[in-house]
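The next block is start26.cif, given as mmCIF, C-alpha atoms.
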```cif
data_upload
#
loop_
_atom_site.label_atom_id
_atom_site.label_comp_id
_atom_site.auth_asym_id
_atom_site.auth_seq_id
_atom_site.Cartn_x
_atom_site.Cartn_y
_atom_site.Cartn_z
CA MET A 1 9.27 -20.14 -39.01
CA ARG A 2 6.96 -17.84 -37.01
CA GLU A 3 7.58 -19.86 -33.84
CA ASN A 4 11.33 -19.56 -34.32
CA GLU A 5 11.02 -15.83 -34.69
CA THR A 6 9.06 -15.57 -31.48
CA ASP A 7 11.58 -17.75 -29.64
CA GLU A 8 14.40 -15.59 -30.93
CA GLN A 9 12.64 -12.43 -29.78
CA GLN A 10 12.09 -13.86 -26.33
CA GLY A 11 15.69 -15.06 -26.21
CA ILE A 12 16.96 -11.57 -26.94
CA SER A 13 14.70 -10.12 -24.26
CA ARG A 14 15.98 -12.49 -21.54
CA ARG A 15 19.59 -12.24 -22.66
CA GLY A 16 19.28 -8.52 -23.06
CA ALA A 17 17.78 -8.14 -19.63
CA LEU A 18 20.54 -10.21 -18.06
CA GLU A 19 23.17 -8.15 -19.86
CA CYS A 20 21.45 -5.04 -18.61
CA MET A 21 21.61 -6.33 -15.05
CA ILE A 22 25.36 -6.94 -15.46
CA TRP A 23 25.71 -3.39 -16.75
CA ALA A 24 23.87 -2.11 -13.70
CA GLY A 25 26.81 -3.42 -11.68
CA THR A 26 29.43 -1.69 -13.80
CA GLY A 27 27.44 1.38 -14.79
CA VAL A 28 26.21 4.14 -12.54
CA LEU A 29 22.43 3.93 -12.39
CA TRP A 30 20.08 1.64 -14.23
CA THR A 31 17.35 4.15 -14.33
CA LEU A 32 17.12 7.68 -13.02
CA SER A 33 13.38 7.65 -12.67
CA GLY A 34 12.92 5.64 -9.51
CA GLY A 35 14.76 2.37 -9.95
CA VAL A 36 13.10 -0.90 -9.12
CA PRO A 37 9.69 -0.60 -10.76
CA LYS A 38 11.27 0.49 -14.04
CA SER A 39 13.87 -2.29 -14.05
CA LEU A 40 11.23 -4.94 -13.40
CA SER A 41 9.06 -3.55 -16.13
CA LEU A 42 11.96 -3.86 -18.52
CA LEU A 43 12.34 -7.58 -17.68
CA GLY A 44 8.69 -8.24 -18.31
CA ASP A 45 7.94 -5.73 -20.97
CA ALA A 46 11.02 -5.62 -23.14
CA GLN A 47 8.89 -6.18 -26.16
CA ALA A 48 6.50 -3.50 -25.06
CA ALA A 49 9.46 -1.13 -24.68
CA GLU A 50 10.49 -1.87 -28.22
CA ALA A 51 7.00 -1.08 -29.39
CA THR A 52 6.40 2.13 -27.46
CA GLY A 53 9.91 3.50 -26.94
CA PHE A 54 13.36 3.53 -28.42
CA THR A 55 17.00 3.79 -27.45
CA PHE A 56 19.83 5.90 -28.77
CA LEU A 57 23.54 6.03 -27.98
CA GLN A 58 25.71 8.79 -26.61
CA ILE A 59 29.43 8.49 -27.36
CA SER A 60 31.91 11.26 -26.72
CA ASP A 61 35.50 12.50 -26.76
CA SER A 62 37.05 9.99 -29.13
CA HIS A 63 40.06 12.36 -29.64
CA ILE A 64 41.26 10.54 -32.75
CA GLY A 65 44.89 11.54 -33.22
CA PHE A 66 45.73 11.39 -29.50
CA ASN A 67 48.69 9.06 -28.92
CA LYS A 68 50.17 9.90 -25.52
CA PRO A 69 50.66 7.43 -22.62
CA ALA A 70 47.13 7.92 -21.29
CA ASN A 71 45.96 5.97 -24.39
CA PRO A 72 48.38 5.13 -27.19
CA ASN A 73 45.54 3.93 -29.45
CA ALA A 74 42.50 6.17 -29.37
CA LEU A 75 41.30 4.77 -32.71
CA GLY A 76 41.48 1.26 -31.25
CA THR A 77 39.39 2.08 -28.19
CA LEU A 78 36.85 3.86 -30.43
CA GLN A 79 36.63 0.64 -32.47
CA GLU A 80 36.06 -1.33 -29.26
CA ALA A 81 33.25 1.04 -28.32
CA ILE A 82 31.64 0.62 -31.73
CA ASP A 83 32.01 -3.17 -31.49
CA LYS A 84 30.14 -2.95 -28.18
CA VAL A 85 27.37 -0.95 -29.87
CA GLY A 86 26.95 -3.80 -32.33
CA LYS A 87 26.37 -6.26 -29.47
CA LEU A 88 23.62 -4.27 -27.74
CA PRO A 89 20.41 -6.27 -27.25
CA LEU A 90 18.18 -3.38 -28.28
CA LYS A 91 19.46 -1.82 -31.49
CA PRO A 92 19.79 1.94 -31.00
CA ALA A 93 17.82 4.16 -33.34
CA PHE A 94 20.89 6.39 -33.85
CA MET A 95 24.00 7.76 -32.14
CA ILE A 96 24.84 11.16 -30.74
CA HIS A 97 28.51 12.17 -30.54
CA THR A 98 29.00 14.98 -28.03
CA GLY A 99 32.23 16.23 -29.54
CA ASP A 100 36.03 16.13 -29.51
CA ILE A 101 35.74 13.64 -32.33
CA THR A 102 39.35 14.49 -33.22
CA HIS A 103 42.31 15.67 -31.22
CA LEU A 104 43.76 18.28 -33.59
CA SER A 105 41.04 18.83 -36.24
CA LYS A 106 43.24 17.13 -38.85
CA ALA A 107 41.63 15.78 -42.01
CA GLU A 108 42.85 12.23 -41.47
CA GLU A 109 41.57 12.30 -37.89
CA PHE A 110 38.06 13.25 -39.04
CA ASP A 111 38.26 10.61 -41.79
CA ASN A 112 39.43 7.81 -39.49
CA ALA A 113 36.80 8.65 -36.88
CA GLU A 114 34.01 8.62 -39.46
CA LYS A 115 35.17 5.30 -40.88
CA VAL A 116 35.12 3.57 -37.49
CA ILE A 117 31.93 5.23 -36.25
CA GLY A 118 30.27 4.54 -39.60
CA SER A 119 30.94 0.82 -39.22
CA ALA A 120 28.16 0.71 -36.60
CA GLY A 121 25.71 1.28 -39.43
CA LEU A 122 23.76 3.92 -37.53
CA ASP A 123 22.90 7.53 -38.24
CA VAL A 124 25.13 9.79 -36.17
CA HIS A 125 24.31 13.29 -34.95
CA TYR A 126 27.44 15.24 -34.06
CA VAL A 127 28.25 18.41 -32.17
CA PRO A 128 31.84 19.68 -32.14
CA GLY A 129 34.21 19.86 -29.21
CA GLU A 130 36.90 22.53 -28.90
CA HIS A 131 39.41 20.06 -30.39
CA ASP A 132 37.29 19.86 -33.55
CA TYR A 133 37.46 23.60 -34.19
CA ILE A 134 41.24 24.20 -34.26
CA ASP A 135 42.05 23.73 -37.95
CA GLU A 136 43.56 26.70 -39.81
CA GLY A 137 40.13 27.25 -41.35
CA ARG A 138 38.74 27.89 -37.84
CA GLY A 139 36.09 25.19 -37.98
CA LYS A 140 35.83 24.65 -41.72
CA ALA A 141 37.13 21.09 -41.36
CA TYR A 142 34.31 20.20 -38.95
CA LEU A 143 31.56 22.08 -40.79
CA ASP A 144 32.55 20.67 -44.19
CA ARG A 145 31.90 17.20 -42.82
CA HIS A 146 29.20 17.66 -40.19
CA GLY A 147 27.75 21.11 -40.79
CA LYS A 148 25.06 20.21 -43.33
CA ASP A 149 21.67 21.67 -42.37
CA THR A 150 23.12 23.35 -39.30
CA LYS A 151 23.22 27.03 -38.39
CA GLY A 152 26.03 29.26 -37.24
CA ALA A 153 28.87 27.24 -35.72
CA GLY A 154 26.92 24.01 -36.24
CA TRP A 155 23.77 24.03 -34.11
CA TYR A 156 20.53 22.33 -35.16
CA SER A 157 17.50 20.39 -34.00
CA PHE A 158 15.56 17.36 -35.19
CA ASP A 159 12.64 15.22 -34.10
CA ASP A 160 12.62 11.49 -33.67
CA HIS A 161 9.95 9.26 -32.13
CA GLY A 162 8.19 12.32 -30.75
CA VAL A 163 11.30 13.59 -28.93
CA HIS A 164 12.81 16.94 -29.88
CA PHE A 165 16.62 16.78 -30.08
CA ILE A 166 18.71 19.97 -29.97
CA GLY A 167 22.44 20.02 -30.77
CA LEU A 168 24.19 23.09 -29.38
CA VAL A 169 27.74 24.37 -29.94
CA ASN A 170 29.46 25.93 -26.94
CA VAL A 171 33.11 25.62 -27.97
CA VAL A 172 33.52 28.50 -30.42
CA ASP A 173 34.59 32.16 -29.89
CA LEU A 174 35.58 31.44 -26.33
CA LYS A 175 36.57 34.54 -24.39
CA ALA A 176 39.71 34.94 -22.29
CA GLY A 177 39.22 33.71 -18.75
CA GLY A 178 35.82 32.28 -19.64
CA LEU A 179 34.16 28.91 -19.85
CA GLY A 180 32.14 27.44 -22.71
CA ARG A 181 29.92 29.87 -24.58
CA LEU A 182 26.71 29.64 -26.58
CA GLY A 183 26.48 33.27 -27.72
CA ALA A 184 23.51 35.54 -28.36
CA ASP A 185 22.79 34.26 -31.89
CA GLN A 186 22.52 30.67 -30.77
CA LEU A 187 20.37 31.53 -27.75
CA ALA A 188 18.03 33.54 -29.98
CA TRP A 189 17.80 30.57 -32.35
CA LEU A 190 17.08 28.25 -29.40
CA ALA A 191 14.29 30.47 -28.12
CA ASP A 192 12.79 30.50 -31.59
CA ASP A 193 13.24 26.75 -32.02
CA LEU A 194 11.31 26.06 -28.80
CA LYS A 195 8.55 28.56 -29.48
CA GLY A 196 5.12 26.99 -29.71
CA LYS A 197 6.29 23.51 -28.72
CA PRO A 198 3.92 21.81 -26.29
CA THR A 199 5.61 21.57 -22.88
CA SER A 200 4.82 17.86 -22.92
CA THR A 201 7.33 17.37 -25.74
CA PRO A 202 10.34 15.46 -24.36
CA ILE A 203 13.49 17.45 -25.09
CA VAL A 204 17.05 16.15 -25.37
CA VAL A 205 19.76 18.82 -25.57
CA PHE A 206 23.30 17.79 -26.41
CA ALA A 207 26.44 19.92 -26.38
CA HIS A 208 30.12 19.29 -25.77
CA ILE A 209 30.95 21.28 -22.64
CA PRO A 210 28.60 20.83 -19.68
CA LEU A 211 25.87 23.47 -19.82
CA TRP A 212 25.93 23.76 -16.05
CA THR A 213 29.01 24.43 -13.94
CA VAL A 214 30.68 21.17 -12.96
CA TYR A 215 34.06 22.72 -12.07
CA ALA A 216 34.80 26.30 -13.13
CA ASP A 217 38.56 26.24 -12.36
CA TRP A 218 39.02 23.66 -15.10
CA GLY A 219 36.67 25.30 -17.58
CA TRP A 220 33.96 22.71 -16.98
CA GLY A 221 30.91 24.88 -17.53
CA THR A 222 29.22 27.32 -19.94
CA ASP A 223 29.15 31.04 -19.19
CA ASP A 224 25.69 31.57 -20.67
CA GLY A 225 24.47 27.98 -20.15
CA MET A 226 21.89 29.08 -17.58
CA GLN A 227 20.18 31.17 -20.27
CA ALA A 228 19.61 28.01 -22.31
CA ILE A 229 18.44 26.11 -19.24
CA GLN A 230 15.99 28.92 -18.46
CA LEU A 231 14.45 28.55 -21.94
CA LEU A 232 13.85 24.86 -21.20
CA LYS A 233 12.49 25.08 -17.68
CA ASP A 234 8.80 24.82 -18.60
CA PHE A 235 9.17 21.54 -20.46
CA GLY A 236 8.04 18.41 -18.65
CA SER A 237 11.01 16.24 -19.60
CA VAL A 238 14.43 17.67 -20.43
CA THR A 239 17.61 15.63 -20.71
CA VAL A 240 20.94 17.42 -21.15
CA LEU A 241 23.76 15.26 -22.52
CA ASN A 242 27.32 16.57 -22.45
CA GLY A 243 30.90 15.34 -22.76
CA HIS A 244 34.23 17.19 -22.40
CA ILE A 245 35.08 16.01 -18.90
CA HIS A 246 35.67 12.33 -19.76
CA GLN A 247 33.76 11.03 -16.76
CA ILE A 248 30.21 10.61 -15.61
CA VAL A 249 28.59 13.34 -13.61
CA GLN A 250 24.81 13.38 -13.23
CA LYS A 251 22.23 15.46 -11.54
CA VAL A 252 18.49 15.79 -11.52
CA GLU A 253 16.80 19.13 -10.96
CA GLY A 254 13.04 19.11 -11.21
CA ASN A 255 12.18 18.02 -14.72
CA MET A 256 15.76 18.28 -15.96
CA VAL A 257 18.30 15.46 -15.99
CA PHE A 258 21.95 16.33 -16.66
CA HIS A 259 24.42 13.65 -17.72
CA THR A 260 28.03 13.73 -18.91
CA ALA A 261 29.48 10.68 -20.63
CA ARG A 262 32.79 8.87 -20.39
CA ALA A 263 35.22 9.31 -23.26
CA THR A 264 36.39 6.63 -25.64
CA GLY A 265 39.68 8.55 -26.05
CA PHE A 266 41.38 8.82 -22.64
CA PRO A 267 40.54 9.32 -18.94
CA GLN A 268 40.69 12.64 -17.10
CA PRO A 269 40.96 13.21 -13.35
CA ALA A 270 38.03 13.96 -11.06
CA PRO A 271 37.58 17.67 -10.28
CA GLY A 272 40.46 19.04 -8.23
CA LYS A 273 42.17 15.66 -7.89
CA ALA A 274 45.09 16.66 -10.12
CA PRO A 275 46.92 19.94 -10.89
CA SER A 276 45.10 20.23 -14.23
CA PRO A 277 42.36 18.50 -16.24
CA GLY A 278 44.78 16.88 -18.72
CA PRO A 279 44.93 13.23 -19.77
CA MET A 280 45.15 10.87 -16.80
CA THR A 281 47.37 7.81 -17.16
CA VAL A 282 46.11 4.71 -15.37
CA PRO A 283 47.55 1.16 -15.35
CA ALA A 284 47.03 -0.38 -18.78
CA ASP A 285 44.77 -3.13 -17.43
CA GLN A 286 42.45 -0.48 -15.93
CA LEU A 287 42.21 1.86 -18.93
CA ARG A 288 39.05 0.33 -20.36
CA SER A 289 37.17 0.67 -17.09
CA PHE A 290 37.52 4.45 -17.48
CA LEU A 291 36.27 4.57 -21.09
CA GLY A 292 32.76 3.84 -22.26
CA ILE A 293 29.47 4.58 -23.99
CA SER A 294 25.99 5.51 -22.79
CA SER A 295 22.69 4.05 -23.89
CA VAL A 296 19.61 6.24 -23.44
CA GLU A 297 16.17 4.72 -23.47
CA VAL A 298 13.01 6.70 -24.05
CA ARG A 299 9.87 4.93 -22.88
CA THR A 300 6.53 6.42 -23.80
CA GLY A 301 4.80 7.55 -20.65
CA ASP A 302 8.01 7.82 -18.60
CA ARG A 303 9.02 11.42 -18.04
CA GLN A 304 12.65 10.59 -17.33
CA LEU A 305 14.86 8.86 -19.83
CA ALA A 306 16.78 5.82 -18.59
CA ILE A 307 20.50 6.33 -19.09
CA THR A 308 22.79 3.31 -18.86
CA ASP A 309 26.53 3.89 -18.83
CA SER A 310 28.79 0.98 -19.66
CA THR A 311 32.56 0.78 -19.82
CA LEU A 312 34.79 -0.87 -22.39
CA ALA A 313 36.12 -3.26 -19.73
CA MET B 1 85.55 68.45 3.21
CA GLN B 2 82.83 69.27 0.70
CA SER B 3 84.60 67.19 -1.98
CA LYS B 4 84.32 64.05 0.14
CA LEU B 5 80.51 64.32 0.18
CA ILE B 6 80.09 65.19 -3.48
CA LEU B 7 80.42 62.27 -5.89
CA SER B 8 82.43 62.83 -9.00
CA ARG B 9 80.34 63.07 -12.15
CA ARG B 10 81.86 59.90 -13.59
CA LEU B 11 81.26 57.92 -10.43
CA ARG B 12 77.71 59.22 -10.24
CA SER B 13 76.88 58.21 -13.82
CA THR B 14 78.50 54.80 -13.27
CA LEU B 15 76.39 54.28 -10.20
CA ILE B 16 73.25 55.36 -12.06
CA ALA B 17 74.03 53.01 -14.97
CA GLY B 18 74.67 50.19 -12.51
CA ALA B 19 71.36 50.84 -10.77
CA LEU B 20 69.51 50.79 -14.07
CA ILE B 21 71.08 47.47 -15.02
CA LEU B 22 70.10 46.00 -11.65
CA ALA B 23 66.58 47.33 -12.03
CA SER B 24 66.22 45.79 -15.47
CA TRP B 25 67.43 42.42 -14.15
CA GLY B 26 64.54 42.46 -11.70
CA GLY B 27 61.69 41.35 -14.00
CA ALA B 28 62.75 41.73 -17.58
CA ALA B 29 63.96 39.19 -20.10
CA SER B 30 66.51 39.78 -22.74
CA ALA B 31 65.70 38.72 -26.28
CA ALA B 32 67.58 35.47 -25.71
CA ASP B 33 65.26 34.14 -23.01
CA ALA B 34 61.88 35.55 -24.02
CA VAL B 35 60.12 32.21 -23.69
CA VAL B 36 56.77 31.28 -22.26
CA LYS B 37 56.45 27.59 -21.47
CA ILE B 38 53.05 25.95 -21.50
CA ASP B 39 52.54 22.97 -19.23
CA ASN B 40 49.80 21.66 -16.98
CA PHE B 41 47.31 24.11 -18.49
CA THR B 42 49.49 27.03 -17.32
CA PHE B 43 51.56 29.71 -19.04
CA ALA B 44 54.91 30.11 -17.26
CA PRO B 45 55.81 32.79 -16.41
CA GLN B 46 52.23 34.03 -16.27
CA THR B 47 53.53 37.60 -16.60
CA LEU B 48 56.61 38.14 -18.75
CA THR B 49 58.22 41.57 -19.10
CA VAL B 50 60.17 42.27 -22.28
CA PRO B 51 61.60 45.35 -24.00
CA VAL B 52 59.78 46.56 -27.11
CA GLY B 53 60.88 44.73 -30.24
CA THR B 54 61.33 41.39 -28.48
CA THR B 55 60.09 38.20 -30.07
CA VAL B 56 58.54 35.91 -27.48
CA THR B 57 58.46 32.19 -28.16
CA PHE B 58 55.58 30.18 -26.72
CA GLU B 59 56.49 26.53 -26.32
CA ASN B 60 53.91 23.80 -25.62
CA ASP B 61 55.38 21.22 -23.24
CA ASP B 62 51.97 19.96 -22.16
CA ASP B 63 50.50 16.63 -23.21
CA ILE B 64 47.45 18.37 -24.69
CA PRO B 65 47.26 20.96 -27.52
CA HIS B 66 46.95 24.67 -26.74
CA LEU B 67 46.39 27.76 -28.87
CA VAL B 68 47.83 31.17 -27.97
CA ALA B 69 45.52 34.09 -28.73
CA GLU B 70 45.49 37.78 -27.84
CA LYS B 71 42.34 38.49 -25.87
CA ASP B 72 40.82 40.65 -28.61
CA GLY B 73 42.10 38.54 -31.46
CA LYS B 74 45.05 40.73 -32.43
CA PHE B 75 47.20 37.66 -32.87
CA LYS B 76 46.52 33.94 -32.81
CA SER B 77 48.75 30.90 -33.16
CA LYS B 78 47.68 27.74 -34.91
CA ALA B 79 46.91 24.73 -32.71
CA LEU B 80 50.14 23.80 -30.91
CA ASP B 81 50.61 20.11 -30.22
CA THR B 82 53.22 18.91 -27.71
CA GLY B 83 56.60 20.31 -28.75
CA ASP B 84 55.18 22.93 -31.13
CA LYS B 85 56.24 26.57 -30.82
CA PHE B 86 54.74 29.93 -31.73
CA ALA B 87 56.73 33.16 -31.99
CA GLN B 88 55.24 36.64 -31.72
CA GLN B 89 57.11 39.93 -31.90
CA PHE B 90 55.94 42.77 -29.64
CA THR B 91 56.53 46.11 -31.31
CA THR B 92 54.43 48.42 -29.13
CA ALA B 93 54.96 49.23 -25.46
CA GLY B 94 52.13 48.30 -23.15
CA THR B 95 50.46 45.29 -21.59
CA VAL B 96 49.28 42.46 -23.83
CA GLU B 97 46.76 40.01 -22.40
CA TYR B 98 46.47 36.61 -24.04
CA TYR B 99 44.86 33.25 -23.33
CA CYS B 100 44.47 29.74 -24.67
CA ALA B 101 41.61 29.75 -27.18
CA ILE B 102 41.00 26.05 -26.55
CA HIS B 103 41.05 26.27 -22.74
CA PRO B 104 40.10 29.90 -22.10
CA MET B 105 40.58 29.74 -18.34
CA MET B 106 44.36 29.75 -19.10
CA THR B 107 45.50 33.37 -19.24
CA GLY B 108 48.81 35.23 -19.35
CA LYS B 109 50.35 38.68 -19.81
CA ILE B 110 53.26 40.19 -21.67
CA VAL B 111 54.39 43.56 -20.32
CA VAL B 112 56.25 45.35 -23.11
CA THR B 113 58.55 48.08 -21.83
CA PRO B 114 59.61 51.01 -24.03
#
```
How does the structure come out when it is put into structure tokens?
Amino acid sequence: MRENETDEQQGISRRGALECMIWAGTGVLWTLSGGVPKSLSLLGDAQAAEATGFTFLQISDSHIGFNKPANPNALGTLQEAIDKVGKLPLKPAFMIHTGDITHLSKAEEFDNAEKVIGSAGLDVHYVPGEHDYIDEGRGKAYLDRHGKDTKGAGWYSFDDHGVHFIGLVNVVDLKAGGLGRLGADQLAWLADDLKGKPTSTPIVVFAHIPLWTVYADWGWGTDDGMQAIQLLKDFGSVTVLNGHIHQIVQKVEGNMVFHTARATGFPQPAPGKAPSPGPMTVPADQLRSFLGISSVEVRTGDRQLAITDSTLA
Amino acid sequence: MQSKLILSRRLRSTLIAGALILASWGGAASAADAVVKIDNFTFAPQTLTVPVGTTVTFENDDDIPHLVAEKDGKFKSKALDTGDKFAQQFTTAGTVEYYCAIHPMMTGKIVVTP
């Protein structure tokens, strides 16, 4: 029995590694922290990675309730994404949803999303998108479901495996002509939350709208995002995970890695490549190559987290 | 000879009335066509001029929801899906600035004339 268990573990490592190599072809980067040495170490040390690190998922922009030509079945593609989660070789410790869970903040949209996402059997940490805050109760629908133990419009932090996770809300009280907005209360809370933390603590910040300016004309940025980034600049490893733009944009600046995820709901155009950032219709047989999930691996001793993006194709 | 240069009072007032009508055609809407259409993340027309008392109808023709809000919160629609409408009456003269509370880079103006 023990031998079978060992064989099975080794089988998952090899299979998992091969799957990972296939993903490297479809995804963007296998690892952001220097490539080849890290990939090889995964092949050899998959079991070591399980022992000293962990992975979690980022999914985003499910837009349950959306039913226009760009994707007539947003609930269906969310289910496909969750099915994919179930097939991952390394079981994620939990999921992060970076917002726009629903399309119109309707009760049945929240309910349907939770049912499908819940079928993965993982803990999920949510932050709202602007589409989740448009009920007549001005956010009550989101907070009733996902606001437990959060502050203000739904921000919070938690620790897992030695990593400090911070969920921020930048989609509420948006000002005319502006971008996303954190607000003074939230920034004060963030400063307080980080106070006294050793700078060696790995930090993962997640929020819906990109905290840095990806494309201001389309609202792809946060007016006071730099103030949050300033509070984080002394930490040795900071990963910022965002959604909202329905495509992958990444950058590395010093100790900070910024990553936006694909949506599971519908594609959007690249910056400036269309008159507006609305839903982008692609041929039906290409839709799934524009939608996807992201797996983030934290390996003890590696400053940068390894982010793997995979599509639903 | 003087009478040829001086306009009769009736003719003068007719001309003045005509000029006023032409001037009001320039940028103003009558109550019947006080509509702002929303499409492609844009309010059209971006500036609409209406006489005081007009009800303006905002109509979402875009394939994404929008939410019409006065910049300081004086009025706010509910979330407008494709095909939804929001009507707001403007009872005070002046300029009203509004935006989409979901996509705040979308802005527009209603100029309310007395």
### Message
From the options B:Val112, B:Leu11, B:Ile102, B:Ile64, which residue's atoms come nearest to His63 in chain A, counting all atoms listed in the file?
### Response
B:Ile64
### Message
Select, as a VMD selection string, those residues of chain B with any atom no more than 8 Å from chain A (distances computed using all atoms listed in the file).
### Response
chain B and resid 40 to 41 63 to 65 71 78 to 79 81 98 to 107
Could you write out the selected residues, including C-alpha atoms, as a PDB file, in the frame of the given file?
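The result, written out as part_35.pdb:
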```pdb
ATOM      1  CA  ASN B  40      49.800  21.660 -16.980  1.00  0.00           C
ATOM      2  CA  PHE B  41      47.310  24.110 -18.490  1.00  0.00           C
ATOM      3  CA  ASP B  63      50.500  16.630 -23.210  1.00  0.00           C
ATOM      4  CA  ILE B  64      47.450  18.370 -24.690  1.00  0.00           C
ATOM      5  CA  PRO B  65      47.260  20.960 -27.520  1.00  0.00           C
ATOM      6  CA  LYS B  71      42.340  38.490 -25.870  1.00  0.00           C
ATOM      7  CA  LYS B  78      47.680  27.740 -34.910  1.00  0.00           C
ATOM      8  CA  ALA B  79      46.910  24.730 -32.710  1.00  0.00           C
ATOM      9  CA  ASP B  81      50.610  20.110 -30.220  1.00  0.00           C
ATOM     10  CA  TYR B  98      46.470  36.610 -24.040  1.00  0.00           C
ATOM     11  CA  TYR B  99      44.860  33.250 -23.330  1.00  0.00           C
ATOM     12  CA  CYS B 100      44.470  29.740 -24.670  1.00  0.00           C
ATOM     13  CA  ALA B 101      41.610  29.750 -27.180  1.00  0.00           C
ATOM     14  CA  ILE B 102      41.000  26.050 -26.550  1.00  0.00           C
ATOM     15  CA  HIS B 103      41.050  26.270 -22.740  1.00  0.00           C
ATOM     16  CA  PRO B 104      40.100  29.900 -22.100  1.00  0.00           C
ATOM     17  CA  MET B 105      40.580  29.740 -18.340  1.00  0.00           C
ATOM     18  CA  MET B 106      44.360  29.750 -19.100  1.00  0.00           C
ATOM     19  CA  THR B 107      45.500  33.370 -19.240  1.00  0.00           C
TER      20      THR B 107
END
```
### Task
Select, from A:Pro210, A:Gly196, A:Gly221, A:Pro89, the residue with the minimum atom-to-atom distance to Phe235 in chain A, counting all atoms listed in the file.
A:Gly196
Using the file's own x, y and z axes, so that the box edges lie along x, y and z, what centre and edge lengths in Å (one decimal) does a box around every listed atom of range 93-106 of chain A get when 5 Å is added on each side? Give it as lines of an AutoDock Vina configuration file.
```
center_x = 30.8
center_y = 11.5
center_z = -33.4
size_x = 35.9
size_y = 24.7
size_z = 20.8
```
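The spacing separating CA of Leu194 in chain A from CA of Phe206 in chain A amounts to 14.8 Å.
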### Summary
Correct to one decimal, the distance CA of Gly272 in chain A-CA of Ile245 in chain A is 12.3 Å
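Run against this file, the PyMOL selection byres ((chain A and resi 111) around 12) gives back Ile64, Gly65, Leu75, Ile101, Thr102, Ser105, Lys106, Ala107, Glu108, Glu109, Phe110, Asn112, Ala113, Glu114, Lys115, Val116, Ile117, Gly118, Ala141, Tyr142, Asp144, Arg145 and His146 of chain A.
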### Residue with smallest distance to Val56 in chain B - pool B:Ala93, B:Ile110, B:Val35, B:Ala69, counting all atoms listed in the file
B:Val35
### Task
Figure out the distance between CA of Asn73 in chain A and CA of Gln58 in chain A, please, to one decimal in Å.
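So the two atoms, CA of Gln58 in chain A and CA of Asn73 in chain A, lie 20.6 Å apart.
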So that I can check the surroundings of Pro271 in chain A, please list as a CSV table (one decimal) with C-alpha atoms, in the coordinates of the input every protein, DNA and RNA residue that reaches within 7 Å of it, counting all atoms listed in the file and ignoring chain neighbours fewer than 2 positions away.
```
chain,number,residue,atom,x,y,z
A,215,TYR,CA,34.1,22.7,-12.1
A,269,PRO,CA,41.0,13.2,-13.4
A,273,LYS,CA,42.2,15.7,-7.9
```
### Task
Run the PyMOL selection byres ((chain B and resi 88) around 8) on the file and write out the hits as a PyMOL selection string.
chain B and resi 55-57+86-87+89-90
### Query
So, counting all atoms listed in the file, which residue among A:Ile82, A:Gly147, A:Asp132, A:His161 is closest to Thr300 in chain A?
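Closest candidate: A:His161.
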### Task
Give the answer as one residue: which of B:Gly94, B:Gly73, B:Gly83, B:Pro114 has the shortest atom-to-atom distance to Pro51 in chain B, using only C-alpha atoms?
B:Pro114
